[in-house]
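Worksheet: the structure to be examined is printed underneath.
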Amino acid sequence: MNREPLSLYLIRIFGMIGIFVFLLLLYWSSNLIEKDLNGIRSEITQIKNDISLLHEEIKSVEHPIENGDDQTKQTLPSMRLHTDDSFPNLLEADPFYETTLPKLLGKNFAPQGIRRAATIGKPSNLHPFSNWAQVVQWQESCTDSVANQKFGIWETLSPALAIKMEARPRKDMDIDEFWVHLRKDVFWQPLTTSLFQGSIALAPWFQKKHLVTAHDFKFYLDAVMNLHLQESGAVAIRNYLRDIEQVEVLDDFTFVVRWKPISVEENGKITLKLPYIAKLSTGGLHPLPRFVYQYFADGSKIIENDEAEDTYRTNSVWAQNFTQHWAKNGIISCGPWIFEGMSDAQVSLLRNPHFYNPLAALVKKQEITIRENPDSVWQDFKVGTLDTFNLQPEQFIEWKDFQNSSAYHRQQSDGLAIKRLDYLARSFTYIGWNQATPYFQNKKVRQAMTMAIDRKRIIDDILNGMGVEITGPFAINSPSYDRSIQPYPYDPERAKQLLEEEGWFDTNGDGIRDKIINGKSVPFRFSLTYYVKNPTSDSICNYVATALKQIGVICDLNGVDISDLAQMFDAKSFDAISLIWVHGAPPEDPRQLWHSSGAQEKGSSNAIGFANEEVDEIIETLRYESNPQTRKKLYYRFHEIIHEEAPYTFLYTPKTALLYREYLQNVFIPAERQDLIPGANVDQPEPQIWWIRK
Amino acid sequence: MTGYLLRRLLLLPLTLFCIILVNFVIINLAPGDPTTVTEVTEGRAEKKEGSSQIFGSDLRYLQFREYFGLTLPILFNTWPWISQNTIHQQLETLEYRQKEIPFKEYDALRIQFGDQAKYVMPKLLKIMTDKEENKKMQNGAARFFIRGATRQAYLGPSLSEEQKAANRKIAKDNQFLLENMPLAADSQEVTEKKIASLQNWFEENNSFYQFSPDTLKKIEIFFFDTRFFRYFSRVLTLDFGTLREDPNKTVLSEVAKRIKYSLTLTMVPMVVTFILCIIIGFTMALYQYQWPDYSLNLLCLILYAIPIFVVAPFLIENVALNHTFPFTHIPIPISGFTSPEPIYELMTSKERILDIISHIALPILAITYGSFAAQSRLARTAVLEVMRHDFVRTARAKGVAPYPLIVKHIGRNAAITIVTSIAASLGILLGGSLIVETVFEIDGFGQFFYKAVVNRDYNVIMFSAIAGSLLTLVGYLIADLTYTFLDPRVTLE
């Protein structure tokens, strides 16, 4: 091999080193430039934000000068056109927001920090009538209604989008109609292309602010009542609002709601009455942004000729376009929160600095991370990237372990200690006995079933004590729940006796009770249907099967997946079923679950086929009765009948353990703070008043 | 060779067509469709008072099903040929024998009857207007008549004038039909009036909506008014449809969005596995029946035996949580492919690369260890087998130095076996690594296709089937061609 001269060799070595160093330098400088560019970019964004903030402020300064009169009218409802001082305002100011909360927050309070939460599973869309629970919650944060519930007190109304609501006598019949007088300073936030990740080109029309007007409320009702609209949320709301006869718009900020009267026969005389929920439901009406949902993304109207009064109530073409609307992946905001956007991993809401109630949002931003499984949410909380976590009973051991870990001790010393608040969920777990089967037609048998199941043991052993026994279908802290009713005792001997009274004996000595029905000996053997993927109901149903065996009843377990469960429920094709009901907000309407009209009907919520004349009567009376004392009596009587008839075995209402980091303030249950909110009866913590201490 | 290639290329679309056909039929015959996914909260099976009233509503999913063409028969449309008698019998079953047949069957019949109504309008009209029929049958027929007459509008902006006119007519007709729906509570008089106006409407619109097709039209319907034809004609224009839940997102764009995740999670482990298994395989083979061989073998066996769903949570719980990368202060991220978007946006490219590496370190570890263990043992065998060959002994006798011997003579020959085996796992690209993606919350193909199957998102499922089979077919073709280049003994004539 030829040896190359040393000099050449050296030159080559140095050359290579030189090129390498040059490349390094090049990379280094490009890296520096990139950093600079990034810095400039973030500064530009900052400047942009500042400018838009200034712009807003200038506008808000201009506004009172231009419309000086408006402002005074705003504060004094009496000076508004259409208002009449002789009618009292149905909306009462909420003392909590006016005096209590400012006191709690201290003098120098300014909203700060980001609240970080997580949700499991990405919602398929954010349609205004979606019935995905999380989406409904975000919608509620970002929009507003005619009136709000007073903080912590059910069935109350305080001013929100309306400053006054009046009940005036109707001209054509002897009942009241509701006049709603709206604020003039609430706007729909403009849309931005970033809401839709740039996939839609927006017409300039959508990029402007639009006033929230009375037409938006009428549009909401028209949309809900459009029978061609099959979006699940709309169908559910339709059931509540179908008794509204008409919404009449008087001007941009005034509208009248007329309800269909109920004719009641009292002492041989027929009188007309308003439904009890009329006032509350009127207060709960939402606006639906006309400026978005009547249009295509290019700014043209979906229905070109929409002058007719009932266009949006009857048009199927609009309904179809609305279901598949281009903006259904964004929330159009007019409330205390502004929807910022939804990516695959996160939903974010910004505080609306121009909202009329500055205390409606007490943190700067909410970030909701989208996770695929509960486990990673738990891990996130442990690391400290989430503020709160709802602990499940089966996670108690993990929680104890974490409390003793060194990682947690470190977090504690960093001011990230975790506090715990237990509260009752607004739901109950039950076993429903299908009254169409030969076994459960008699109430003594159903009572026997209840007595044979030790509900205390379920709560202590399966739920780690995180539950309370209940006796009826209302939320345990609701005023409608009669606390004097005692649960059936756990008494297998009495259960056996009851079964024998009904003719169920073990005649052939095989350990299974039987009875002659229609000349045939039928053994007491039924199947219990439940959702197999829920570990808690799995354990409960296994226990129930063992417990019933001791009184000579065979319970075959039938664990099914969600679609089969829903289908069996709708078809009433089960013997017994274990499920959970989630309570709606008071006033309770037991019609859906207990009225006999649903007893035979497929797909009704009265899946067990419960029918009782007195219960039907109570439900009918509750529709219009407005005296609180009478209502309470009716609810108590209803509760008593349900307890006596035992159509369900009421197992428990679960307790939820809310874990939260110590920097989160104002975490309390309103009902437990009568010193702050006299008369409070909401028994769950209310996240809207939480704030972050730095 | 050219002839062979031509033959294969001609066969390719035919094979693909058959695959699409079979897949389409299977998916459509599988129980449930996109509409049967219920809105009961997953995980806890609780129903909310109020919202559950919508269960069982007849019209509930109609728009949705029409939108996705699910109201049509799958392959051939024989509905215009159904006889008056059959219609009558089916309607009787629906109205009177509800209780006698199982709910599922009743439900299926009801839906099918509603779907076919459009093609049997004159027959329904006959039942409806037959004075001898009782009221229940008449009402039932009228209900399905209205169902068949209800049309879906053209959606979206920028419609032509004809489409706009059609939309106006559809809106008017739909409202007319809804108002004339005979109800059980209606009096005899009202019912008769409604039916009469429906009959009038039918006569006015018979030719416009082509309610009574002639034989030629019937044959056209037989082939073309089907789910498969609708779908296939779209696929031919490379339109794979949109996601079930969001018409603004096409299947292709969603796949493109995820391809970087899946490619990284497939390719990086493959390269890592290849390098590691060659090193370990050689070590084991060269020290056969000595302690490095035994200990590495044992290690590989243990690793091979631990399932991934144990390792992945273990890594999160014990390695990542509240720990930092060794020798640094960077906390180990437990989920995602990058940091949250607002942070990631502000990073320089170097930081981005580091960010991604720190995020995928654990997932890659979780994916790699299993295949690494298996491939190492395979590599050992491959190397040992090559070492026994004569040419190795010859080379050694010739005095080739150990290093070139291992790399050139043994390594190259052993690599063929290893590469073949690793390349065979390329197919998992589309399947993705579901478990790792789920545990580490990476939004790759695995999750995407899995969720599509659970949600019955037909468009996505079909796309995965088509893309998967196309890749496989092309892969086989390339493999066959490569053989001829690698091995001169193979000819393809």
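In the structure tokens, the first chain shown is A, the next is B, and so on; residue numbers restart at 1 for each chain, and ligands run from 1 in the order shown.
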
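Within the 7 Å cut-off around Pro393 of chain A, using only C-alpha atoms and omitting residues fewer than 6 positions from it on the same chain, the listed residues are A:Leu463, A:Asn464, A:Met466.
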
Return as a ChimeraX atom specification the residues belonging to chain A that are within 7 Å of chain B, counting only C-alpha atoms.
/A:34-35,38,124-125,230,232,235-236,296,314-317,321,372,383,407,531,533-534,562-563,570-571,579-584,603-605

May I have the selected residues written with N, CA and C atoms, as a short mmCIF file (atom, residue, chain, number, x, y, z; two decimals), in the first residue's frame?
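Done, and the output landed in result22.cif:
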data_model
loop_
_atom_site.label_atom_id
_atom_site.label_comp_id
_atom_site.auth_asym_id
_atom_site.auth_seq_id
_atom_site.Cartn_x
_atom_site.Cartn_y
_atom_site.Cartn_z
N GLU A 34 -33.20 30.66 15.54
CA GLU A 34 -34.53 30.10 15.77
C GLU A 34 -35.09 30.57 17.10
N LYS A 35 -34.20 30.59 18.10
CA LYS A 35 -34.65 31.05 19.42
C LYS A 35 -35.13 32.49 19.34
N ASN A 38 -38.43 32.68 17.71
CA ASN A 38 -39.47 32.27 18.64
C ASN A 38 -39.83 33.37 19.61
N SER A 124 -67.80 13.66 20.74
CA SER A 124 -67.79 13.60 19.28
C SER A 124 -68.02 14.98 18.68
N ASN A 125 -68.81 15.83 19.35
CA ASN A 125 -68.93 17.19 18.87
C ASN A 125 -69.45 18.07 19.99
N GLN A 230 -83.66 15.95 15.43
CA GLN A 230 -83.63 14.75 16.25
C GLN A 230 -82.40 14.68 17.14
N SER A 232 -80.25 14.52 20.22
CA SER A 232 -80.80 13.94 21.45
C SER A 232 -81.09 14.98 22.53
N VAL A 235 -84.39 16.65 21.85
CA VAL A 235 -85.56 15.80 22.10
C VAL A 235 -85.85 15.75 23.60
N ALA A 236 -84.79 15.70 24.41
CA ALA A 236 -85.00 15.65 25.87
C ALA A 236 -85.59 16.95 26.38
N PHE A 296 -74.71 29.52 6.71
CA PHE A 296 -73.60 28.68 6.29
C PHE A 296 -72.30 29.41 6.59
N THR A 314 -90.58 24.71 11.82
CA THR A 314 -91.16 23.70 10.95
C THR A 314 -90.23 23.21 9.84
N ASN A 315 -89.18 23.94 9.53
CA ASN A 315 -88.42 23.62 8.33
C ASN A 315 -87.48 22.43 8.52
N SER A 316 -87.66 21.39 7.73
CA SER A 316 -86.83 20.19 7.91
C SER A 316 -85.45 20.37 7.28
N VAL A 317 -85.36 21.21 6.24
CA VAL A 317 -84.06 21.42 5.61
C VAL A 317 -83.13 22.14 6.58
N ASN A 321 -79.60 20.70 8.28
CA ASN A 321 -78.35 21.45 8.22
C ASN A 321 -77.83 21.80 9.60
N GLU A 372 -57.96 9.27 27.86
CA GLU A 372 -58.70 8.12 27.36
C GLU A 372 -59.12 7.17 28.48
N VAL A 383 -49.27 13.42 40.05
CA VAL A 383 -48.10 14.21 39.67
C VAL A 383 -48.32 15.68 40.02
N ALA A 407 -42.89 10.99 47.58
CA ALA A 407 -43.26 11.99 46.57
C ALA A 407 -44.32 12.92 47.13
N TYR A 531 -74.85 -4.36 34.44
CA TYR A 531 -73.78 -3.94 33.53
C TYR A 531 -72.48 -4.58 33.97
N LYS A 533 -69.43 -4.47 33.01
CA LYS A 533 -68.12 -3.81 33.04
C LYS A 533 -67.94 -2.89 34.23
N ASN A 534 -68.99 -2.73 35.04
CA ASN A 534 -68.85 -1.91 36.24
C ASN A 534 -68.50 -2.82 37.41
N ILE A 562 -73.26 -2.67 27.47
CA ILE A 562 -74.13 -1.50 27.54
C ILE A 562 -75.28 -1.53 26.53
N SER A 563 -75.00 -1.98 25.28
CA SER A 563 -76.08 -1.88 24.29
C SER A 563 -77.18 -2.90 24.59
N ASP A 570 -85.24 -1.13 27.60
CA ASP A 570 -86.31 -0.58 26.78
C ASP A 570 -87.40 -1.60 26.47
N ALA A 571 -86.96 -2.85 26.27
CA ALA A 571 -87.92 -3.88 25.88
C ALA A 571 -88.60 -4.49 27.10
N LEU A 579 -79.37 -1.05 38.27
CA LEU A 579 -79.00 0.15 37.52
C LEU A 579 -78.80 1.34 38.45
N ILE A 580 -78.43 2.46 37.85
CA ILE A 580 -78.25 3.69 38.61
C ILE A 580 -79.14 4.76 37.98
N TRP A 581 -79.86 5.50 38.78
CA TRP A 581 -80.56 6.68 38.26
C TRP A 581 -79.83 7.93 38.73
N VAL A 582 -79.66 8.88 37.85
CA VAL A 582 -79.08 10.16 38.24
C VAL A 582 -80.23 11.16 38.38
N HIS A 583 -80.27 11.86 39.52
CA HIS A 583 -81.37 12.79 39.75
C HIS A 583 -81.23 14.03 38.89
N GLY A 584 -82.37 14.55 38.45
CA GLY A 584 -82.37 15.87 37.85
C GLY A 584 -82.44 16.90 38.97
N GLY A 603 -89.80 1.07 25.88
CA GLY A 603 -88.91 2.22 25.82
C GLY A 603 -89.17 3.27 26.88
N SER A 604 -90.16 3.07 27.73
CA SER A 604 -90.41 4.08 28.76
C SER A 604 -89.45 3.85 29.93
N SER A 605 -89.31 4.87 30.77
CA SER A 605 -88.40 4.73 31.91
C SER A 605 -89.02 3.93 33.03
#

Who sits within 12 Å of Ile368 of chain A, only C-alpha atoms, same chain under 2 positions skipped, as JSON, numbers by chain:
{"A": [114, 115, 116, 117, 118, 119, 120, 121, 122, 134, 135, 137, 138, 339, 340, 341, 342, 343, 344, 345, 346, 347, 348, 349, 350, 365, 366, 370, 371, 377, 385, 386, 387, 388], "B": [340]}

As a PyMOL selection string, please: every residue in segment 609-684 of chain A that DSSP puts in helix (DSSP H, G or I).
chain A and resi 613-624+628-645+670-672

Apply DSSP to the structure's backbone, then extract all residues of segment 165-291 of chain A labelled strand (DSSP E or B) and return them as a VMD selection string.
chain A and resid 165 to 169 176 to 182 187 to 188 210 to 211 244 to 251 254 to 259 262 to 266 269 to 273

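Between atom CA of Lys398 of chain B and atom CA of Ala382 of chain B the separation is 23.0 Å.
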
If I take atom CA of Leu676 of chain A and atom CA of Phe96 of chain A, how far is one from the other in Å, to one decimal?
7.7 Å

With a distance cut-off of 7 Å and only C-alpha atoms, select the neighbouring residues of Asn606 of chain A, excluding the residue or stretch itself and same-chain residues fewer than 2 positions from it, and output the selection as a PyMOL selection string.
chain A and resi 592-594+598-599+604+608-610

Kindly save the residues from that selection, with C-alpha atoms included, as a PDB file, in the first residue's frame.
ATOM      1  CA  GLN A 592     -91.057   9.729  34.021  1.00  0.00           C
ATOM      2  CA  LEU A 593     -90.270   6.836  36.334  1.00  0.00           C
ATOM      3  CA  TRP A 594     -93.504   6.109  38.121  1.00  0.00           C
ATOM      4  CA  GLY A 598     -95.317   4.175  30.942  1.00  0.00           C
ATOM      5  CA  ALA A 599     -95.923   0.836  32.632  1.00  0.00           C
ATOM      6  CA  SER A 604     -90.406   4.075  28.762  1.00  0.00           C
ATOM      7  CA  ILE A 608     -90.503  -2.412  35.822  1.00  0.00           C
ATOM      8  CA  GLY A 609     -94.150  -1.714  34.979  1.00  0.00           C
ATOM      9  CA  PHE A 610     -95.104   0.089  38.177  1.00  0.00           C
TER      10      PHE A 610
END

Compile the contact shell of His127 of chain A as JSON, numbers by chain: residues with an atom at most 12 Å away, counting only C-alpha atoms, same-chain residues fewer than 4 positions apart removed.
{"A": [123, 131, 132, 134, 135, 136, 138, 139, 231, 232, 233, 234, 288, 293, 322, 323, 324, 325, 326, 327, 328, 329, 330, 331, 332], "B": [245, 246]}

Serialized selection, N, CA, C and O atoms, as an mmCIF file, in the first residue's frame:
data_model
loop_
_atom_site.group_PDB
_atom_site.id
_atom_site.type_symbol
_atom_site.label_atom_id
_atom_site.label_comp_id
_atom_site.auth_asym_id
_atom_site.auth_seq_id
_atom_site.Cartn_x
_atom_site.Cartn_y
_atom_site.Cartn_z
ATOM 1 N N PRO A 123 -65.423 14.162 23.364
ATOM 2 C CA PRO A 123 -66.797 14.216 22.868
ATOM 3 C C PRO A 123 -66.803 14.282 21.354
ATOM 4 O O PRO A 123 -65.912 14.880 20.755
ATOM 5 N N ASN A 131 -75.895 15.635 24.096
ATOM 6 C CA ASN A 131 -76.254 15.265 25.467
ATOM 7 C C ASN A 131 -75.089 14.580 26.187
ATOM 8 O O ASN A 131 -75.265 13.862 27.140
ATOM 9 N N TRP A 132 -73.897 14.830 25.694
ATOM 10 C CA TRP A 132 -72.683 14.405 26.385
ATOM 11 C C TRP A 132 -72.571 15.289 27.640
ATOM 12 O O TRP A 132 -72.521 16.530 27.535
ATOM 13 N N GLN A 134 -70.370 16.250 29.759
ATOM 14 C CA GLN A 134 -69.319 17.262 29.852
ATOM 15 C C GLN A 134 -69.610 18.450 28.935
ATOM 16 O O GLN A 134 -69.405 19.594 29.294
ATOM 17 N N VAL A 135 -70.098 18.138 27.729
ATOM 18 C CA VAL A 135 -70.365 19.204 26.759
ATOM 19 C C VAL A 135 -71.460 20.114 27.298
ATOM 20 O O VAL A 135 -71.361 21.342 27.230
ATOM 21 N N VAL A 136 -72.494 19.510 27.885
ATOM 22 C CA VAL A 136 -73.582 20.302 28.456
ATOM 23 C C VAL A 136 -73.004 21.246 29.513
ATOM 24 O O VAL A 136 -73.342 22.430 29.574
ATOM 25 N N TRP A 138 -69.910 22.453 29.718
ATOM 26 C CA TRP A 138 -69.136 23.548 29.092
ATOM 27 C C TRP A 138 -70.073 24.563 28.472
ATOM 28 O O TRP A 138 -69.843 25.772 28.554
ATOM 29 N N GLN A 139 -71.131 24.053 27.822
ATOM 30 C CA GLN A 139 -72.108 24.965 27.229
ATOM 31 C C GLN A 139 -72.660 25.890 28.303
ATOM 32 O O GLN A 139 -72.825 27.089 28.090
ATOM 33 N N GLU A 231 -81.679 15.749 17.258
ATOM 34 C CA GLU A 231 -80.498 15.792 18.128
ATOM 35 C C GLU A 231 -80.951 15.457 19.557
ATOM 36 O O GLU A 231 -81.931 16.021 20.052
ATOM 37 N N SER A 232 -80.255 14.523 20.222
ATOM 38 C CA SER A 232 -80.797 13.943 21.452
ATOM 39 C C SER A 232 -81.091 14.979 22.531
ATOM 40 O O SER A 232 -82.094 14.881 23.231
ATOM 41 N N GLY A 233 -80.208 15.978 22.673
ATOM 42 C CA GLY A 233 -80.446 16.984 23.706
ATOM 43 C C GLY A 233 -81.741 17.731 23.456
ATOM 44 O O GLY A 233 -82.516 17.997 24.378
ATOM 45 N N ALA A 234 -82.014 18.035 22.180
ATOM 46 C CA ALA A 234 -83.227 18.783 21.846
ATOM 47 C C ALA A 234 -84.464 17.954 22.161
ATOM 48 O O ALA A 234 -85.447 18.465 22.696
ATOM 49 N N LEU A 288 -80.063 31.021 21.700
ATOM 50 C CA LEU A 288 -79.305 30.242 20.717
ATOM 51 C C LEU A 288 -78.854 31.235 19.648
ATOM 52 O O LEU A 288 -79.687 31.953 19.103
ATOM 53 N N TYR A 293 -76.243 29.909 13.689
ATOM 54 C CA TYR A 293 -76.941 28.687 13.292
ATOM 55 C C TYR A 293 -77.987 28.906 12.201
ATOM 56 O O TYR A 293 -78.605 27.967 11.749
ATOM 57 N N PHE A 322 -78.759 22.012 10.534
ATOM 58 C CA PHE A 322 -78.379 22.356 11.903
ATOM 59 C C PHE A 322 -77.722 21.149 12.576
ATOM 60 O O PHE A 322 -76.735 21.283 13.290
ATOM 61 N N THR A 323 -78.261 19.958 12.323
ATOM 62 C CA THR A 323 -77.672 18.748 12.902
ATOM 63 C C THR A 323 -76.230 18.582 12.439
ATOM 64 O O THR A 323 -75.366 18.198 13.211
ATOM 65 N N GLN A 324 -76.002 18.869 11.160
ATOM 66 C CA GLN A 324 -74.650 18.700 10.612
ATOM 67 C C GLN A 324 -73.963 20.054 10.497
ATOM 68 O O GLN A 324 -73.198 20.282 9.574
ATOM 69 N N HIS A 325 -74.247 20.961 11.406
ATOM 70 C CA HIS A 325 -73.791 22.333 11.228
ATOM 71 C C HIS A 325 -72.272 22.454 11.271
ATOM 72 O O HIS A 325 -71.613 21.772 12.044
ATOM 73 N N TRP A 326 -71.739 23.355 10.442
ATOM 74 C CA TRP A 326 -70.277 23.516 10.347
ATOM 75 C C TRP A 326 -69.681 23.979 11.668
ATOM 76 O O TRP A 326 -68.510 23.741 11.946
ATOM 77 N N ALA A 327 -70.471 24.682 12.499
ATOM 78 C CA ALA A 327 -69.892 25.237 13.736
ATOM 79 C C ALA A 327 -70.096 24.302 14.910
ATOM 80 O O ALA A 327 -69.921 24.706 16.047
ATOM 81 N N LYS A 328 -70.447 23.046 14.646
ATOM 82 C CA LYS A 328 -70.792 22.212 15.789
ATOM 83 C C LYS A 328 -69.576 21.735 16.580
ATOM 84 O O LYS A 328 -69.728 21.034 17.560
ATOM 85 N N ASN A 329 -68.393 22.118 16.137
ATOM 86 C CA ASN A 329 -67.235 21.790 16.953
ATOM 87 C C ASN A 329 -66.687 22.982 17.705
ATOM 88 O O ASN A 329 -65.529 23.013 18.112
ATOM 89 N N GLY A 330 -67.544 23.980 17.888
ATOM 90 C CA GLY A 330 -67.174 25.122 18.712
ATOM 91 C C GLY A 330 -68.370 25.514 19.549
ATOM 92 O O GLY A 330 -69.504 25.206 19.192
ATOM 93 N N ILE A 331 -68.108 26.155 20.680
ATOM 94 C CA ILE A 331 -69.208 26.656 21.495
ATOM 95 C C ILE A 331 -69.251 28.168 21.294
ATOM 96 O O ILE A 331 -68.230 28.840 21.431
ATOM 97 N N ILE A 332 -70.421 28.714 20.936
ATOM 98 C CA ILE A 332 -70.550 30.153 20.760
ATOM 99 C C ILE A 332 -70.857 30.736 22.130
ATOM 100 O O ILE A 332 -71.861 30.382 22.744
ATOM 101 N N GLU B 245 -68.674 11.187 13.415
ATOM 102 C CA GLU B 245 -69.152 12.232 14.299
ATOM 103 C C GLU B 245 -68.872 13.639 13.807
ATOM 104 O O GLU B 245 -69.370 14.596 14.362
ATOM 105 N N ASP B 246 -68.056 13.789 12.800
ATOM 106 C CA ASP B 246 -67.740 15.135 12.358
ATOM 107 C C ASP B 246 -67.584 15.199 10.845
ATOM 108 O O ASP B 246 -66.576 14.774 10.294
#

Name the residues in contact with Val22 of chain B at a cut-off of 12 Å, using only C-alpha atoms, excluding same-chain residues fewer than 6 positions from it; report them as a list of chain:residue names.
B:Thr15, B:Leu16, B:Asn28, B:Leu29, B:Ile74, B:Leu75, B:Phe228, B:Met462, B:Ala465, B:Ile466, B:Ser469

Residue selection dump (C-alpha atoms) as a compact mmCIF listing (two decimals), in the first residue's frame:
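File written: part-v9.txt
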# COMPACT_ATOMS: atom_id res chain seq x y z
CA THR B 15 -58.51 -8.84 -5.78
CA LEU B 16 -58.97 -5.50 -4.08
CA ASN B 28 -72.73 -4.44 7.39
CA LEU B 29 -73.97 -7.82 8.54
CA ILE B 74 -76.52 -3.99 1.31
CA LEU B 75 -75.90 -5.59 -2.09
CA PHE B 228 -72.40 -1.13 -1.61
CA MET B 462 -63.51 0.23 5.57
CA ALA B 465 -59.43 -2.71 5.55
CA ILE B 466 -58.78 -1.25 2.11
CA SER B 469 -55.12 -5.07 1.98

Would you mind listing what lies within 7 Å of segment 640-653 of chain A as a CSV table (one decimal) with N, CA, C and O atoms, in the first residue's frame, with only C-alpha atoms counted and same-chain residues fewer than 5 positions away left out?
chain,number,residue,atom,x,y,z
A,424,LEU,N,-72.5,13.7,49.0
A,424,LEU,CA,-73.4,12.7,48.4
A,424,LEU,C,-73.6,12.9,46.9
A,424,LEU,O,-73.8,14.1,46.5
A,425,ALA,N,-73.5,11.9,46.1
A,425,ALA,CA,-73.8,12.1,44.7
A,425,ALA,C,-75.3,12.2,44.5
A,425,ALA,O,-76.1,11.9,45.4
A,427,SER,N,-77.4,10.6,42.8
A,427,SER,CA,-77.8,9.5,42.1
A,427,SER,C,-78.1,8.4,43.1
A,427,SER,O,-77.8,8.5,44.3
A,428,PHE,N,-78.8,7.3,42.7
A,428,PHE,CA,-78.9,6.2,43.6
A,428,PHE,C,-78.9,4.9,42.8
A,428,PHE,O,-79.2,4.8,41.6
A,429,THR,N,-78.4,3.8,43.4
A,429,THR,CA,-78.3,2.5,42.8
A,429,THR,C,-79.4,1.6,43.3
A,429,THR,O,-79.8,1.7,44.5
A,430,TYR,N,-80.0,0.9,42.4
A,430,TYR,CA,-81.2,0.1,42.8
A,430,TYR,C,-81.3,-1.2,42.1
A,430,TYR,O,-80.5,-1.4,41.1
A,431,ILE,N,-82.1,-2.1,42.6
A,431,ILE,CA,-82.5,-3.3,41.8
A,431,ILE,C,-83.9,-3.2,41.5
A,431,ILE,O,-84.8,-3.0,42.5
A,432,GLY,N,-84.3,-3.2,40.3
A,432,GLY,CA,-85.7,-3.1,39.9
A,432,GLY,C,-86.3,-4.4,39.7
A,432,GLY,O,-85.7,-5.3,39.0
A,433,TRP,N,-87.5,-4.7,40.2
A,433,TRP,CA,-88.2,-6.0,40.1
A,433,TRP,C,-89.3,-5.9,39.0
A,433,TRP,O,-90.2,-5.1,39.2
A,443,LYS,N,-96.4,-7.2,46.4
A,443,LYS,CA,-95.5,-6.3,47.2
A,443,LYS,C,-94.8,-7.0,48.3
A,443,LYS,O,-93.7,-6.7,48.7
A,446,ARG,N,-91.6,-8.5,47.1
A,446,ARG,CA,-90.6,-7.5,46.8
A,446,ARG,C,-90.0,-7.0,48.1
A,446,ARG,O,-88.8,-6.7,48.2
A,447,GLN,N,-90.9,-6.8,49.1
A,447,GLN,CA,-90.4,-6.4,50.4
A,447,GLN,C,-89.4,-7.5,51.0
A,447,GLN,O,-88.4,-7.2,51.5
A,450,THR,N,-86.0,-7.2,49.5
A,450,THR,CA,-85.3,-6.1,50.1
A,450,THR,C,-84.7,-6.5,51.5
A,450,THR,O,-83.6,-6.2,51.8
A,455,ARG,N,-78.1,-4.2,53.0
A,455,ARG,CA,-77.6,-3.0,52.3
A,455,ARG,C,-76.4,-2.4,53.0
A,455,ARG,O,-75.5,-1.8,52.4
A,467,GLY,N,-71.2,5.4,51.1
A,467,GLY,CA,-72.5,5.4,50.6
A,467,GLY,C,-73.5,5.5,51.8
A,467,GLY,O,-73.1,5.4,52.9
A,468,VAL,N,-74.7,5.9,51.5
A,468,VAL,CA,-75.7,5.9,52.6
A,468,VAL,C,-77.0,5.1,52.2
A,468,VAL,O,-77.3,5.1,51.0
A,469,GLU,N,-77.7,4.5,53.1
A,469,GLU,CA,-78.9,3.8,52.8
A,469,GLU,C,-80.0,4.8,52.5
A,469,GLU,O,-80.1,5.9,53.1
A,470,ILE,N,-80.9,4.4,51.6
A,470,ILE,CA,-82.0,5.3,51.2
A,470,ILE,C,-83.3,4.5,51.2
A,470,ILE,O,-83.2,3.3,51.2
A,471,THR,N,-84.4,5.2,51.2
A,471,THR,CA,-85.7,4.5,51.2
A,471,THR,C,-86.6,4.9,50.1
A,471,THR,O,-87.7,4.4,49.9
A,472,GLY,N,-86.2,5.9,49.3
A,472,GLY,CA,-87.1,6.3,48.2
A,472,GLY,C,-86.3,7.0,47.1
A,472,GLY,O,-85.1,7.1,47.1
A,610,PHE,N,-94.5,-0.3,36.9
A,610,PHE,CA,-95.1,0.1,38.2
A,610,PHE,C,-96.4,0.9,37.9
A,610,PHE,O,-96.4,1.7,37.0

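With only C-alpha atoms as the atoms that count, the minimum distance from Val407 of chain B to the choices B:Ile279, B:Leu303, B:Leu124, B:Ala196 is reached by B:Ile279.
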
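The closest residue to Leu548 of chain A, picked from A:Pro535, A:Pro487, A:Gly15, A:Pro492 and counting only C-alpha atoms, is A:Pro492.
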